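Peer 1: Supplied in structure tokens, the structure appears directly below.
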Amino acid sequence: MKTVQFREALREAMSEEMRRDENVFLMGEEVAEYNGAYKVSQGMLDEFGAKRVIDTPIAELGFAGIAVGASMNGLRPIVEFMTWNFAILAADQIINSAAKMLQMSGGQYHCPIVFRGGNGTAGQLAATHSQSFESMYAHFPGLKAVTPSNPADAKGLLKSAIRDEDPVVFFESEKMYGDKGEIPEGEYLIPIGLADVKRKGKDVTIVSFGKIIKEAYKAADELQKEGIECEVIDLRTVRPIDYGTVVESIKKTNRCVVVEESWPLASISSEMAYHLQRYAFDYLDAPVMRVTQSDTPFPFSPTLMEEALPNVDRIIKAVKATLYRN
């Protein structure tokens with residue numbers, strides 16, 4: 001094992017796949033000459049050259065469309081968005097072209113593209129730059145949606161995404177790029193659609209994904225002091241969702257709390273709550289609880305930010321509610 005930053009794990013994944021397959025290339029704003037807005041692509045221009053690490057204009061719809069056309073002609077683009085908030089401008093190409101091309105072409109054209117970049121809140125960036133898009137893109141058939149929470153998962157999942165024959169939307173976080181963690185030496189892949197039990201427990205299952213799962217770990221540590229053992233599951237991908245791993249955990253703990261950075265309506269946590277009452281109803285001893293962002297545009301005020309996001313106190317209250325200890 002070796003310790004690397006989140007950004008370094010992503011860089012290793014892209015570089016290894018570009019060495020392996022000459023059809024893989026990276027494009028996006030500032031990915032080449034500037035080494036990436038968050039230094040994810042640092043040094044890649046020097047190694048692979050300007051034909052495979054390509055700076056684009058500030059035109060998300062335009063370069064996303066170029067990627068779709070390139071993928072239909074045998075190339076495998078990696079498209080970096082400076083933030084998924086800006087990718088709203090490219091949603092037409094992602095949703096109406098990439099996601100639907102295989103079906104609309106009668107199976108003639110795959111679109112092996114990875115769309116990746118920063119997602120969710122990243123400090124005082126206010127409402128239009130602080131949105132979490134996992135549930136939005138998970139809604140559309142034809143897309144796979146990946147949202148890793150640590151460097152090891154990020155590298156293994158990104159390599160799998162690059163090799164996938166269909167479009168993958170890959171959600172990172174500006175606040176995770178500097179996170180450090182251990183990753184295996186050498187090449188490894190993590191299958192898309194497989195959740196991971198990060199912490200074993202017997203009293204309640206906490207399900208989460210992305211950077212907000214850190215709050216779940218902190219809450220589990222605090223609850224452990226009171227004798228409450230939490231099982232923490234990292235979904236890692238939200239389309240497809242590994243419901244089976246969660247259901248098996250519920251059979252043991254009989255209770256569930258879902259923690260999500262996004263808004264409550266039409267969310268991943270909503271889908272998870274439905275699925276568990278449908279397929280694990282006889283094992284549940286309490287209603288499934290959700291801890292989400294407040295149902296408002298994200299605030300600029302630091303005080304309101306703390307109130308808006310899921311936090312340790314809210315998670316602890318939700319867990320105790322499922323245990324009827326409030």
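Identifiers in the structure tokens: chain A, B, ... in order shown; residue index from 1 per chain; ligand index from 1 in order shown.
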Just asking: which residues within segment 167-294 of chain A are helix (DSSP H, G or I) according to DSSP, as a PyMOL selection string?
Peer 2: chain A and resi 210-224+243-253+268-279+281-283
Peer 1: At most 12 Å is the cut-off: for each residue in segment 105-183 of chain A with any atom that close to an atom of segment 207-220 of chain A, write down the nearest atom pair and the distance in Å rounded to one decimal, counting only C-alpha atoms, chain first then increasing number, as a tab-separated table.
Peer 2:
residue	atom	partner	partner_atom	distance
A:Gly118	CA	A:Gly210	CA	11.1
A:Asn119	CA	A:Gly210	CA	9.3
A:Gly120	CA	A:Lys211	CA	8.9
A:Thr121	CA	A:Lys211	CA	9.7
A:Ala122	CA	A:Lys211	CA	10.5
A:Ser132	CA	A:Gly210	CA	10.0
A:Phe133	CA	A:Gly210	CA	11.4
A:Glu134	CA	A:Gly210	CA	9.6
A:Ser135	CA	A:Phe209	CA	11.7
A:Ala145	CA	A:Phe209	CA	11.5
A:Val146	CA	A:Gly210	CA	9.0
A:Thr147	CA	A:Gly210	CA	5.3
A:Pro148	CA	A:Gly210	CA	5.3
A:Ser149	CA	A:Gly210	CA	4.4
A:Asn150	CA	A:Lys211	CA	8.0
A:Pro151	CA	A:Lys211	CA	11.3
A:Asp153	CA	A:Gly210	CA	10.5
A:Ala154	CA	A:Gly210	CA	10.2
A:Phe170	CA	A:Gly210	CA	10.7
A:Phe171	CA	A:Gly210	CA	8.0
A:Glu172	CA	A:Gly210	CA	7.4
A:Ser173	CA	A:Lys211	CA	7.1
A:Glu174	CA	A:Lys211	CA	9.8
A:Lys175	CA	A:Lys211	CA	8.0
A:Met176	CA	A:Lys211	CA	6.9
A:Tyr177	CA	A:Lys211	CA	10.5
A:Asp179	CA	A:Lys211	CA	10.1
Peer 1: Rounded to one decimal place, report the atom CA of Asp196 of chain A-atom CA of Val246 of chain A distance in Å.
Peer 2: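 Straight-line distance from atom CA of Asp196 of chain A to atom CA of Val246 of chain A works out to 9.5 Å.
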Peer 1: Output as a PyMOL selection string all residues of segment 43-171 of chain A that backbone DSSP marks as strand (DSSP E).
Peer 2: chain A and resi 53-55+76-81+114-118+144-146+168-171
Peer 1: Give me, as a ChimeraX atom specification, all polymer residues having an atom no more than 10 Å from segment 301-317 of chain A, counting only C-alpha atoms and skipping those fewer than 3 positions away in the same chain.
Peer 2: /A:121,123-126,206,212-223,257-263,289-298,320-323,325-326
Peer 1: Using only C-alpha atoms, which residue out of A:Gln277, A:Thr237, A:Gln131, A:Ser105 lies closest to Ile88 of chain A?
Peer 2: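 Selected residue with least distance to Ile88 of chain A: A:Gln131.
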Peer 1: Taking 4 positions as the minimum chain separation for residues in the same chain, which residues sit within 8 Å of Tyr243 of chain A when counting only C-alpha atoms? Answer as a PyMOL selection string.
Peer 2: chain A and resi 247+272+275
Peer 1: I'd like to know which of A:Ser15, A:Thr128, A:Ser249, A:Gln224 is closest to Val197 of chain A, using only C-alpha atoms.
Peer 2: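 Under the stated criterion, the closest residue is A:Ser249.
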Peer 1: If we count only C-alpha atoms, what is near Ala90 of chain A at a cut-off of 7 Å, once residues fewer than 4 positions away on the same chain are taken out, given as JSON, numbers by chain?
Peer 2: {"A": [60, 61, 64, 94]}
